[in-house]
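File shown here: input.pdb, holding PDB, C-alpha atoms, pLDDT in the B column.
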```pdb
ATOM      1  CA  MET Z 182      83.632 113.864 -60.094  1.00 56.00           C
ATOM      2  CA  LYS Z 183      87.191 114.511 -61.290  1.00 70.00           C
ATOM      3  CA  GLN Z 184      87.816 114.595 -65.030  1.00 72.00           C
ATOM      4  CA  ASN Z 185      89.943 111.436 -64.982  1.00 78.00           C
ATOM      5  CA  ASP Z 186      87.225 109.580 -63.065  1.00 79.00           C
ATOM      6  CA  THR Z 187      84.641 110.852 -65.549  1.00 84.00           C
ATOM      7  CA  ILE Z 188      86.696 109.586 -68.479  1.00 83.00           C
ATOM      8  CA  GLN Z 189      87.122 106.166 -66.875  1.00 85.00           C
ATOM      9  CA  THR Z 190      83.370 105.984 -66.198  1.00 86.00           C
ATOM     10  CA  ILE Z 191      82.592 106.867 -69.845  1.00 84.00           C
ATOM     11  CA  LYS Z 192      84.989 104.143 -70.989  1.00 82.00           C
ATOM     12  CA  ALA Z 193      83.298 101.644 -68.697  1.00 85.00           C
ATOM     13  CA  TYR Z 194      79.866 102.585 -70.071  1.00 83.00           C
ATOM     14  CA  ALA Z 195      81.206 102.394 -73.641  1.00 84.00           C
ATOM     15  CA  SER Z 196      82.542  98.904 -72.921  1.00 83.00           C
ATOM     16  CA  LYS Z 197      79.166  97.752 -71.571  1.00 83.00           C
ATOM     17  CA  LEU Z 198      77.458  99.135 -74.682  1.00 80.00           C
ATOM     18  CA  ARG Z 199      80.165  97.560 -76.883  1.00 82.00           C
ATOM     19  CA  LEU Z 200      81.187 100.955 -78.252  1.00 83.00           C
ATOM     20  CA  CYS Z 201      84.796  99.878 -78.661  1.00 83.00           C
ATOM     21  CA  ASN Z 202      85.969 102.798 -80.793  1.00 82.00           C
ATOM     22  CA  ILE Z 203      84.746 105.355 -78.257  1.00 82.00           C
ATOM     23  CA  GLY Z 204      86.379 103.455 -75.420  1.00 79.00           C
ATOM     24  CA  SER Z 205      89.766 103.245 -77.145  1.00 82.00           C
ATOM     25  CA  ARG Z 206      89.886 106.761 -78.667  1.00 83.00           C
ATOM     26  CA  LEU Z 207      88.020 108.837 -76.090  1.00 83.00           C
ATOM     27  CA  GLU Z 208      90.965 111.016 -75.027  1.00 85.00           C
ATOM     28  CA  HIS Z 209      91.786 111.835 -78.653  1.00 84.00           C
ATOM     29  CA  MET Z 210      88.150 112.684 -79.388  1.00 85.00           C
ATOM     30  CA  LEU Z 211      87.936 114.986 -76.373  1.00 85.00           C
ATOM     31  CA  HIS Z 212      91.224 116.687 -77.268  1.00 83.00           C
ATOM     32  CA  THR Z 213      90.019 117.278 -80.848  1.00 87.00           C
ATOM     33  CA  ALA Z 214      86.702 118.640 -79.575  1.00 87.00           C
ATOM     34  CA  GLN Z 215      88.491 121.084 -77.257  1.00 86.00           C
ATOM     35  CA  GLN Z 216      90.361 122.472 -80.248  1.00 88.00           C
ATOM     36  CA  ASP Z 217      87.543 122.468 -82.845  1.00 86.00           C
ATOM     37  CA  LYS Z 218      84.782 123.397 -80.379  1.00 88.00           C
ATOM     38  CA  PRO Z 219      81.874 121.681 -82.177  1.00 89.00           C
ATOM     39  CA  SER Z 220      78.304 121.975 -80.907  1.00 88.00           C
ATOM     40  CA  TYR Z 221      76.980 119.218 -78.647  1.00 87.00           C
ATOM     41  CA  SER Z 222      74.996 117.706 -81.492  1.00 90.00           C
ATOM     42  CA  GLU Z 223      77.975 117.858 -83.892  1.00 88.00           C
ATOM     43  CA  PHE Z 224      80.234 116.201 -81.326  1.00 88.00           C
ATOM     44  CA  LEU Z 225      77.716 113.433 -80.658  1.00 88.00           C
ATOM     45  CA  LEU Z 226      77.181 112.881 -84.384  1.00 90.00           C
ATOM     46  CA  ASP Z 227      80.935 112.676 -84.968  1.00 88.00           C
ATOM     47  CA  ILE Z 228      81.633 110.071 -82.292  1.00 87.00           C
ATOM     48  CA  LEU Z 229      78.666 107.934 -83.361  1.00 89.00           C
ATOM     49  CA  GLN Z 230      79.734 108.130 -87.021  1.00 89.00           C
ATOM     50  CA  LYS Z 231      83.272 107.060 -86.096  1.00 87.00           C
ATOM     51  CA  GLU Z 232      81.853 104.162 -84.080  1.00 88.00           C
ATOM     52  CA  ILE Z 233      79.776 102.990 -87.051  1.00 90.00           C
ATOM     53  CA  ASP Z 234      82.774 103.288 -89.392  1.00 88.00           C
ATOM     54  CA  ALA Z 235      84.951 101.284 -87.002  1.00 87.00           C
ATOM     55  CA  LYS Z 236      82.317  98.547 -86.710  1.00 87.00           C
ATOM     56  CA  ARG Z 237      82.017  98.370 -90.506  1.00 86.00           C
ATOM     57  CA  GLU Z 238      85.789  98.034 -90.890  1.00 86.00           C
ATOM     58  CA  LYS Z 239      85.933  95.357 -88.197  1.00 86.00           C
ATOM     59  CA  ASP Z 240      83.037  93.453 -89.748  1.00 87.00           C
ATOM     60  CA  PHE Z 241      84.652  93.623 -93.198  1.00 84.00           C
ATOM     61  CA  ALA Z 242      87.978  92.352 -91.828  1.00 86.00           C
ATOM     62  CA  ARG Z 243      86.174  89.483 -90.069  1.00 86.00           C
ATOM     63  CA  ARG Z 244      84.237  88.474 -93.186  1.00 87.00           C
ATOM     64  CA  LEU Z 245      87.375  88.728 -95.316  1.00 84.00           C
ATOM     65  CA  ARG Z 246      89.291  86.397 -92.978  1.00 88.00           C
ATOM     66  CA  SER Z 247      86.358  84.002 -92.910  1.00 86.00           C
ATOM     67  CA  ALA Z 248      86.169  83.968 -96.729  1.00 87.00           C
ATOM     68  CA  ASN Z 249      89.406  81.933 -96.782  1.00 84.00           C
ATOM     69  CA  LEU Z 250      90.743  83.502 -99.981  1.00 89.00           C
ATOM     70  CA  PRO Z 251      94.039  82.541-101.646  1.00 86.00           C
ATOM     71  CA  PRO Z 252      96.715  85.273-101.948  1.00 82.00           C
ATOM     72  CA  ARG Z 253      95.890  85.982-105.611  1.00 78.00           C
ATOM     73  CA  HIS Z 254      92.313  87.215-105.982  1.00 78.00           C
ATOM     74  CA  ASP Z 255      92.462  90.763-107.364  1.00 82.00           C
ATOM     75  CA  LEU Z 256      90.440  90.629-110.572  1.00 85.00           C
ATOM     76  CA  GLU Z 257      91.935  93.940-111.664  1.00 82.00           C
ATOM     77  CA  LEU Z 258      95.114  91.927-112.318  1.00 79.00           C
ATOM     78  CA  PHE Z 259      93.417  89.131-114.253  1.00 78.00           C
ATOM     79  CA  ASP Z 260      94.536  89.009-117.879  1.00 73.00           C
ATOM     80  CA  THR Z 261      91.490  88.051-119.933  1.00 71.00           C
ATOM     81  CA  ASN Z 262      93.732  87.748-122.987  1.00 69.00           C
ATOM     82  CA  PHE Z 263      95.775  84.943-121.409  1.00 66.00           C
ATOM     83  CA  SER Z 264      93.097  82.243-121.403  1.00 62.00           C
ATOM     84  CA  SER Z 265      90.153  82.164-123.777  1.00 70.00           C
ATOM     85  CA  GLY Z 266      86.579  81.559-122.718  1.00 77.00           C
ATOM     86  CA  LEU Z 267      85.788  84.633-120.617  1.00 83.00           C
ATOM     87  CA  PRO Z 268      85.837  88.020-122.403  1.00 86.00           C
ATOM     88  CA  LYS Z 269      86.476  91.088-120.264  1.00 87.00           C
ATOM     89  CA  SER Z 270      82.908  92.296-120.822  1.00 89.00           C
ATOM     90  CA  HIS Z 271      81.554  89.050-119.349  1.00 91.00           C
ATOM     91  CA  LEU Z 272      83.959  89.214-116.401  1.00 90.00           C
ATOM     92  CA  ASP Z 273      82.884  92.790-115.697  1.00 91.00           C
ATOM     93  CA  GLU Z 274      79.252  91.683-115.751  1.00 93.00           C
ATOM     94  CA  LEU Z 275      79.988  88.846-113.326  1.00 94.00           C
ATOM     95  CA  ARG Z 276      81.705  91.307-110.978  1.00 94.00           C
ATOM     96  CA  GLU Z 277      78.477  93.301-110.698  1.00 95.00           C
ATOM     97  CA  LEU Z 278      77.049  90.251-108.844  1.00 95.00           C
ATOM     98  CA  ASN Z 279      73.491  90.782-110.072  1.00 95.00           C
ATOM     99  CA  TRP Z 280      73.285  87.021-110.627  1.00 95.00           C
ATOM    100  CA  LEU Z 281      73.479  86.414-106.870  1.00 95.00           C
ATOM    101  CA  ALA Z 282      70.025  87.912-106.378  1.00 93.00           C
ATOM    102  CA  GLN Z 283      68.583  85.085-108.509  1.00 92.00           C
ATOM    103  CA  ALA Z 284      70.785  82.414-106.860  1.00 93.00           C
ATOM    104  CA  TYR Z 285      72.506  81.684-110.167  1.00 95.00           C
ATOM    105  CA  ASN Z 286      75.417  79.236-110.135  1.00 96.00           C
ATOM    106  CA  LEU Z 287      78.689  79.446-112.013  1.00 95.00           C
ATOM    107  CA  ILE Z 288      80.809  76.541-113.252  1.00 94.00           C
ATOM    108  CA  LEU Z 289      84.364  77.387-114.297  1.00 94.00           C
ATOM    109  CA  MET Z 290      85.732  74.462-116.250  1.00 92.00           C
ATOM    110  CA  GLY Z 291      89.100  73.970-117.880  1.00 89.00           C
ATOM    111  CA  PRO Z 292      92.674  72.692-117.551  1.00 86.00           C
ATOM    112  CA  SER Z 293      94.851  73.578-114.572  1.00 83.00           C
ATOM    113  CA  GLY Z 294      96.400  77.029-114.641  1.00 79.00           C
ATOM    114  CA  THR Z 295      93.781  78.734-116.829  1.00 84.00           C
ATOM    115  CA  GLY Z 296      92.475  81.028-114.086  1.00 87.00           C
ATOM    116  CA  LYS Z 297      89.533  79.144-112.592  1.00 90.00           C
ATOM    117  CA  THR Z 298      90.568  79.581-108.955  1.00 91.00           C
ATOM    118  CA  PHE Z 299      91.668  83.177-109.562  1.00 92.00           C
ATOM    119  CA  ILE Z 300      88.262  84.134-110.971  1.00 93.00           C
ATOM    120  CA  ALA Z 301      86.311  82.304-108.271  1.00 94.00           C
ATOM    121  CA  ALA Z 302      88.366  83.908-105.495  1.00 94.00           C
ATOM    122  CA  GLY Z 303      87.993  87.332-107.085  1.00 94.00           C
ATOM    123  CA  LEU Z 304      84.208  87.024-107.220  1.00 96.00           C
ATOM    124  CA  VAL Z 305      84.095  85.899-103.585  1.00 95.00           C
ATOM    125  CA  HIS Z 306      86.223  88.924-102.649  1.00 95.00           C
ATOM    126  CA  GLN Z 307      83.879  91.188-104.603  1.00 94.00           C
ATOM    127  CA  ALA Z 308      80.916  89.736-102.705  1.00 95.00           C
ATOM    128  CA  VAL Z 309      82.628  90.347 -99.349  1.00 94.00           C
ATOM    129  CA  CYS Z 310      83.365  93.943-100.383  1.00 92.00           C
ATOM    130  CA  ASN Z 311      79.651  94.317-101.156  1.00 92.00           C
ATOM    131  CA  GLY Z 312      78.756  93.305 -97.609  1.00 91.00           C
ATOM    132  CA  LEU Z 313      77.723  89.730 -98.423  1.00 93.00           C
ATOM    133  CA  ARG Z 314      78.577  86.463 -96.691  1.00 94.00           C
ATOM    134  CA  ALA Z 315      80.833  84.605 -99.116  1.00 95.00           C
ATOM    135  CA  TYR Z 316      83.269  81.747 -98.630  1.00 95.00           C
ATOM    136  CA  MET Z 317      85.778  79.809-100.682  1.00 95.00           C
ATOM    137  CA  MET Z 318      86.809  76.243 -99.874  1.00 94.00           C
ATOM    138  CA  THR Z 319      88.412  73.350-101.652  1.00 93.00           C
ATOM    139  CA  MET Z 320      86.358  70.231-102.276  1.00 91.00           C
ATOM    140  CA  GLU Z 321      88.599  68.496 -99.727  1.00 92.00           C
ATOM    141  CA  ASP Z 322      87.741  71.094 -97.062  1.00 93.00           C
ATOM    142  CA  ILE Z 323      84.032  70.781 -97.824  1.00 94.00           C
ATOM    143  CA  MET Z 324      84.127  66.992 -97.537  1.00 93.00           C
ATOM    144  CA  GLY Z 325      86.008  67.246 -94.247  1.00 94.00           C
ATOM    145  CA  ILE Z 326      83.266  69.459 -92.811  1.00 95.00           C
ATOM    146  CA  ILE Z 327      80.526  67.144 -94.062  1.00 94.00           C
ATOM    147  CA  LYS Z 328      82.198  64.064 -92.569  1.00 92.00           C
ATOM    148  CA  MET Z 329      82.806  65.673 -89.164  1.00 94.00           C
ATOM    149  CA  LYS Z 330      79.716  67.843 -88.686  1.00 93.00           C
ATOM    150  CA  GLU Z 331      77.900  65.263 -86.543  1.00 91.00           C
ATOM    151  CA  LEU Z 332      80.991  64.700 -84.394  1.00 93.00           C
ATOM    152  CA  SER Z 333      82.571  68.134 -84.071  1.00 94.00           C
ATOM    153  CA  PRO Z 334      80.798  71.339 -82.947  1.00 95.00           C
ATOM    154  CA  SER Z 335      83.271  73.430 -84.955  1.00 95.00           C
ATOM    155  CA  ALA Z 336      82.510  71.429 -88.108  1.00 95.00           C
ATOM    156  CA  MET Z 337      78.772  71.847 -87.526  1.00 96.00           C
ATOM    157  CA  THR Z 338      79.301  75.592 -87.078  1.00 95.00           C
ATOM    158  CA  ALA Z 339      81.224  75.716 -90.371  1.00 95.00           C
ATOM    159  CA  TYR Z 340      78.472  73.707 -92.110  1.00 96.00           C
ATOM    160  CA  ASN Z 341      75.727  76.025 -90.844  1.00 96.00           C
ATOM    161  CA  LYS Z 342      77.812  79.000 -91.942  1.00 95.00           C
ATOM    162  CA  LEU Z 343      77.738  77.659 -95.489  1.00 95.00           C
ATOM    163  CA  LEU Z 344      73.961  77.267 -95.315  1.00 96.00           C
ATOM    164  CA  ARG Z 345      73.593  80.966 -94.406  1.00 95.00           C
ATOM    165  CA  ALA Z 346      75.962  82.202 -97.109  1.00 95.00           C
ATOM    166  CA  HIS Z 347      75.068  84.308-100.125  1.00 96.00           C
ATOM    167  CA  LEU Z 348      77.884  82.738-102.168  1.00 97.00           C
ATOM    168  CA  VAL Z 349      79.941  79.561-101.762  1.00 97.00           C
ATOM    169  CA  ALA Z 350      82.878  78.799-104.076  1.00 96.00           C
ATOM    170  CA  ILE Z 351      84.058  75.179-104.159  1.00 95.00           C
ATOM    171  CA  ASP Z 352      87.492  74.800-105.711  1.00 93.00           C
ATOM    172  CA  ASP Z 353      88.773  71.696-107.522  1.00 88.00           C
ATOM    173  CA  ILE Z 354      85.521  69.754-107.398  1.00 86.00           C
ATOM    174  CA  MET Z 355      85.785  66.111-108.506  1.00 82.00           C
ATOM    175  CA  LEU Z 356      89.598  66.265-108.532  1.00 78.00           C
ATOM    176  CA  PHE Z 357      89.772  63.102-106.410  1.00 80.00           C
ATOM    177  CA  PRO Z 358      87.435  60.094-106.212  1.00 80.00           C
ATOM    178  CA  ILE Z 359      84.682  60.356-103.587  1.00 83.00           C
ATOM    179  CA  LYS Z 360      83.217  57.403-101.722  1.00 83.00           C
ATOM    180  CA  LYS Z 361      79.555  56.723-102.361  1.00 80.00           C
ATOM    181  CA  GLN Z 362      78.484  57.473 -98.748  1.00 81.00           C
ATOM    182  CA  ASP Z 363      80.388  60.775 -98.820  1.00 85.00           C
ATOM    183  CA  ALA Z 364      78.821  61.690-102.174  1.00 88.00           C
ATOM    184  CA  ALA Z 365      75.396  61.574-100.543  1.00 89.00           C
ATOM    185  CA  GLY Z 366      76.519  64.098 -97.931  1.00 91.00           C
ATOM    186  CA  PHE Z 367      77.818  66.424-100.625  1.00 92.00           C
ATOM    187  CA  PHE Z 368      74.532  66.163-102.510  1.00 92.00           C
ATOM    188  CA  ASN Z 369      72.631  67.040 -99.320  1.00 94.00           C
ATOM    189  CA  LEU Z 370      74.688  70.228 -98.969  1.00 95.00           C
ATOM    190  CA  ILE Z 371      74.116  71.298-102.583  1.00 94.00           C
ATOM    191  CA  ASN Z 372      70.437  70.444-102.257  1.00 95.00           C
ATOM    192  CA  ALA Z 373      70.182  72.633 -99.130  1.00 95.00           C
ATOM    193  CA  LEU Z 374      71.854  75.531-100.975  1.00 95.00           C
ATOM    194  CA  HIS Z 375      69.708  75.065-104.098  1.00 94.00           C
ATOM    195  CA  GLU Z 376      67.831  78.260-105.104  1.00 92.00           C
ATOM    196  CA  LYS Z 377      68.947  80.020-101.901  1.00 95.00           C
ATOM    197  CA  THR Z 378      72.710  80.379-102.248  1.00 96.00           C
ATOM    198  CA  SER Z 379      74.810  80.864-105.368  1.00 96.00           C
ATOM    199  CA  VAL Z 380      77.557  78.293-105.876  1.00 96.00           C
ATOM    200  CA  ILE Z 381      80.742  78.689-107.898  1.00 96.00           C
ATOM    201  CA  ILE Z 382      82.355  75.426-109.004  1.00 94.00           C
ATOM    202  CA  THR Z 383      85.864  75.126-110.408  1.00 94.00           C
ATOM    203  CA  THR Z 384      86.719  71.849-112.080  1.00 91.00           C
ATOM    204  CA  ASN Z 385      88.992  70.338-114.695  1.00 88.00           C
ATOM    205  CA  LYS Z 386      86.461  67.594-115.411  1.00 84.00           C
ATOM    206  CA  ALA Z 387      83.408  67.827-117.625  1.00 82.00           C
ATOM    207  CA  PRO Z 388      80.075  67.146-115.873  1.00 79.00           C
ATOM    208  CA  THR Z 389      79.811  63.912-117.865  1.00 79.00           C
ATOM    209  CA  GLU Z 390      82.843  62.609-115.917  1.00 82.00           C
ATOM    210  CA  TRP Z 391      81.403  63.326-112.472  1.00 82.00           C
ATOM    211  CA  ALA Z 392      79.531  60.003-112.226  1.00 79.00           C
ATOM    212  CA  ALA Z 393      82.810  58.092-112.336  1.00 79.00           C
ATOM    213  CA  THR Z 394      84.355  60.308-109.657  1.00 81.00           C
ATOM    214  CA  LEU Z 395      81.328  59.945-107.374  1.00 81.00           C
ATOM    215  CA  ASP Z 396      80.942  56.239-108.141  1.00 77.00           C
ATOM    216  CA  ASP Z 397      77.191  56.831-108.328  1.00 80.00           C
ATOM    217  CA  GLU Z 398      75.424  57.882-111.525  1.00 85.00           C
ATOM    218  CA  VAL Z 399      72.128  58.606-109.734  1.00 89.00           C
ATOM    219  CA  ILE Z 400      73.727  61.062-107.269  1.00 89.00           C
ATOM    220  CA  ALA Z 401      75.788  62.654-110.043  1.00 88.00           C
ATOM    221  CA  THR Z 402      72.646  63.213-112.125  1.00 90.00           C
ATOM    222  CA  ALA Z 403      70.731  64.686-109.168  1.00 91.00           C
ATOM    223  CA  LEU Z 404      73.710  66.901-108.285  1.00 90.00           C
ATOM    224  CA  LEU Z 405      73.999  68.264-111.816  1.00 90.00           C
ATOM    225  CA  ASP Z 406      70.228  68.795-111.923  1.00 91.00           C
ATOM    226  CA  ARG Z 407      70.528  71.233-108.983  1.00 92.00           C
ATOM    227  CA  LEU Z 408      73.708  72.956-110.087  1.00 91.00           C
ATOM    228  CA  LEU Z 409      72.762  73.413-113.750  1.00 90.00           C
ATOM    229  CA  TYR Z 410      69.176  74.582-113.166  1.00 89.00           C
ATOM    230  CA  ARG Z 411      70.248  78.233-113.053  1.00 91.00           C
ATOM    231  CA  CYS Z 412      73.841  78.189-114.141  1.00 93.00           C
ATOM    232  CA  GLU Z 413      76.429  79.742-116.419  1.00 93.00           C
ATOM    233  CA  VAL Z 414      79.062  77.259-117.613  1.00 92.00           C
ATOM    234  CA  ILE Z 415      82.319  78.917-118.641  1.00 92.00           C
ATOM    235  CA  LYS Z 416      84.903  76.795-120.446  1.00 91.00           C
ATOM    236  CA  LEU Z 417      88.401  78.200-120.095  1.00 89.00           C
ATOM    237  CA  SER Z 418      91.232  77.064-122.321  1.00 81.00           C
ATOM    238  CA  GLY Z 419      94.871  77.853-122.909  1.00 63.00           C
ATOM    239  CA  GLU Z 420      98.244  76.935-121.469  1.00 63.00           C
ATOM    240  CA  SER Z 421      98.919  76.975-117.728  1.00 53.00           C
ATOM    241  CA  TYR Z 422      99.775  80.416-116.357  1.00 54.00           C
ATOM    242  CA  ARG Z 423     101.944  78.816-113.670  1.00 52.00           C
ATOM    243  CA  LEU Z 424     103.960  76.749-116.153  1.00 48.00           C
ATOM    244  CA  ARG Z 425     104.363  79.669-118.528  1.00 54.00           C
ATOM    245  CA  ASN Z 426     105.631  81.864-115.682  1.00 58.00           C
ATOM    246  CA  ARG Z 427     107.635  79.169-113.916  1.00 57.00           C
ATOM    247  CA  LYS Z 428     110.322  80.548-111.596  1.00 60.00           C
ATOM    248  CA  THR Z 429     113.872  79.283-111.192  1.00 61.00           C
ATOM    249  CA  ILE Z 430     116.031  79.295-108.052  1.00 60.00           C
ATOM    250  CA  PHE Z 431     119.135  79.904-110.162  1.00 63.00           C
ATOM    251  CA  GLU Z 432     120.249  83.302-111.347  1.00 65.00           C
ATOM    252  CA  GLU Z 433     119.737  83.690-115.062  1.00 59.00           C
ATOM    253  CA  LYS Z 434     122.895  84.298-117.053  1.00 55.00           C
ATOM    254  CA  THR Z 435     123.028  86.372-120.197  1.00 50.00           C
TER     255      THR Z 435
END
```
Take the structure I supplied and represent it as structure tokens, if you would.
Amino acid sequence: MKQNDTIQTIKAYASKLRLCNIGSRLEHMLHTAQQDKPSYSEFLLDILQKEIDAKREKDFARRLRSANLPPRHDLELFDTNFSSGLPKSHLDELRELNWLAQAYNLILMGPSGTGKTFIAAGLVHQAVCNGLRAYMMTMEDIMGIIKMKELSPSAMTAYNKLLRAHLVAIDDIMLFPIKKQDAAGFFNLINALHEKTSVIITTNKAPTEWAATLDDEVIATALLDRLLYRCEVIKLSGESYRLRNRKTIFEEKT
């Protein structure tokens, strides 16, 4: 068999075995091997290692896209001196993610602009970097999935994805009123995640105000019972970062 035919056959076999990196970089690998002249075992080890590395990078990119993170989520840039309520030592401890192993929850509570979403997104990103399944969604997105899951296969897929997650961050919970029938669906989700998946909640409302938002004190009590069972409540305070750093479209004059 001619060399070109051999290469094409190897690529075909690699495709069937889903060894995508070998299939796309075979010529380069062979050229490098001709120059470096490794042993057969060294060459085989090298191509398999590169295949594993490529699969890890692809898997990380997929999980990062699926996490649905906002643009700002790098906790290295978070200024713990800007808003009070979360010392740097506590943030560093949260970033270690040991609390996920015990399915602990985290409630970040405080006025708008004090860093709740930033922290939640950063912890989700940290979880993804650690190889975990972690997602961030707004309360509105979550409610949309719950309402449509019996009607839309894609919504059901998204719902089941949440059930298999290690960490789910729900942003701006209780920002808008929720109908009583929809509140029951949200409770069912939290109940399914209870003691299996860690949940991060960001909210500008105290838990005592949730009953009014849900229009059902019984569901609100049951919801808080699940969320607060193993939970760290962090109260952030301070002025809004966005308002303090408000931009202008006009050139500043001195």
task = Apply the PyMOL selection byres ((chain Z and resi 298) around 12) to the displayed file and report the matching residues as JSON, numbers by chain.
result = {"Z": [250, 251, 252, 253, 254, 255, 256, 259, 288, 289, 290, 291, 292, 293, 294, 295, 296, 297, 299, 300, 301, 302, 303, 304, 305, 317, 318, 319, 350, 351, 352, 353, 354, 381, 382, 383, 384, 385, 417, 422]}
query = Between Z:Ile228, Z:Ala336, Z:Cys201, Z:Lys328, which is the closest to Ala214 (chain Z) once you count all atoms listed in the file?
reply =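 Between Z:Ile228, Z:Ala336, Z:Cys201, Z:Lys328, the residue approaching Ala214 (chain Z) most closely is Z:Ile228.
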message = Could you tell me, as number ranges by chain, exactly which residues end up selected when the PyMOL selection byres ((chain Z and resi 379) around 7) is applied to this structure?
response = Z: 281, 284-286, 347-349, 377-378, 380-381
query = From the set Z:Glu274, Z:Asp217, Z:Asp406, Z:Leu207, which residue has the shortest atom-to-atom contact distance to Thr190 (chain Z), counting all atoms listed in the file?
reply =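 Ranking Z:Glu274, Z:Asp217, Z:Asp406, Z:Leu207 by distance to Thr190 (chain Z), first place goes to Z:Leu207.
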request  = Would you kindly return, as a PyMOL selection string, each protein, DNA or RNA residue with an atom no farther than 12 Å from any atom of Glu208 (chain Z), considering only C-alpha atoms and excluding same-chain residues fewer than 6 positions away?
outcome  = chain Z and resi 184-185+187-189+191-192+202+214-215+228
request  = Please indicate the distance in Å from CA of His271 (chain Z) to CA of Val414 (chain Z), rounded to one decimal place.
outcome  =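 Pair CA of His271 (chain Z) / CA of Val414 (chain Z) returns 12.2 Å.
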Got a sec to resolve the PyMOL selection byres ((chain Z and resi 390) around 12) on this structure and send the residues as an mmCIF file with C-alpha atoms, in the coordinates of the input?
```cif
data_model
loop_
_atom_site.group_PDB
_atom_site.id
_atom_site.type_symbol
_atom_site.label_atom_id
_atom_site.label_comp_id
_atom_site.auth_asym_id
_atom_site.auth_seq_id
_atom_site.Cartn_x
_atom_site.Cartn_y
_atom_site.Cartn_z
ATOM 1 C CA ILE Z 354 85.521 69.754 -107.398
ATOM 2 C CA MET Z 355 85.785 66.111 -108.506
ATOM 3 C CA LEU Z 356 89.598 66.265 -108.532
ATOM 4 C CA PHE Z 357 89.772 63.102 -106.410
ATOM 5 C CA PRO Z 358 87.435 60.094 -106.212
ATOM 6 C CA THR Z 384 86.719 71.849 -112.080
ATOM 7 C CA ASN Z 385 88.992 70.338 -114.695
ATOM 8 C CA LYS Z 386 86.461 67.594 -115.411
ATOM 9 C CA ALA Z 387 83.408 67.827 -117.625
ATOM 10 C CA PRO Z 388 80.075 67.146 -115.873
ATOM 11 C CA THR Z 389 79.811 63.912 -117.865
ATOM 12 C CA TRP Z 391 81.403 63.326 -112.472
ATOM 13 C CA ALA Z 392 79.531 60.003 -112.226
ATOM 14 C CA ALA Z 393 82.810 58.092 -112.336
ATOM 15 C CA THR Z 394 84.355 60.308 -109.657
ATOM 16 C CA LEU Z 395 81.328 59.945 -107.374
ATOM 17 C CA ASP Z 396 80.942 56.239 -108.141
ATOM 18 C CA ASP Z 397 77.191 56.831 -108.328
ATOM 19 C CA GLU Z 398 75.424 57.882 -111.525
ATOM 20 C CA ALA Z 401 75.788 62.654 -110.043
ATOM 21 C CA THR Z 402 72.646 63.213 -112.125
ATOM 22 C CA LEU Z 405 73.999 68.264 -111.816
#
```
ask   = How far is it from CA of Asp260 (chain Z) to CA of Lys416 (chain Z), in Å with one decimal?
value = 15.8 Å
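Here CA of Ala346 (chain Z) and CA of Ala315 (chain Z) stand 5.8 Å from one another.
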key: Distance query Leu344 (chain Z) at most 8 Å, only C-alpha atoms, self and fewer than 3 positions along chain excluded, as a ChimeraX atom specification   = /Z:340-341,370,373-374,378
Please produce, as CSV, a per-residue contact table for region 299-406 of chain Z versus region 230-242 of chain Z (criterion: any atom at most 12 Å away, only C-alpha atoms considered), showing the nearest atom pair and its distance in Å to one decimal, sorted by chain then residue number.
```
residue,atom,partner,partner_atom,distance
Z:His306,CA,Z:Phe241,CA,10.7
Z:Gln307,CA,Z:Phe241,CA,11.7
Z:Ala308,CA,Z:Phe241,CA,10.9
Z:Val309,CA,Z:Phe241,CA,7.3
Z:Cys310,CA,Z:Phe241,CA,7.3
Z:Asn311,CA,Z:Phe241,CA,9.4
Z:Gly312,CA,Z:Phe241,CA,7.4
Z:Leu313,CA,Z:Phe241,CA,9.5
Z:Arg314,CA,Z:Phe241,CA,10.0
Z:Ala315,CA,Z:Phe241,CA,11.4
```
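Distances here use all atoms listed in the file; by that measure, the residue among Z:Arg276, Z:Arg407, Z:His212, Z:Arg345 closest to Phe224 (chain Z) is Z:His212.
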Centre and edge lengths, as lines of an AutoDock Vina configuration file, for the axis-aligned box enclosing every listed atom of region 342-354 of chain Z with 4 Å of padding on each of the six sides, in Å to one decimal?
```
center_x = 81.2
center_y = 77.0
center_z = -99.7
size_x = 23.2
size_y = 22.6
size_z = 23.6
```
task = Select, counting all atoms listed in the file, all protein, DNA and RNA residues no farther than 8 Å from (84.7, 82.0, -122.1) in file coordinates, and express the selection as a ChimeraX atom specification.
result = /Z:265-268,415-417
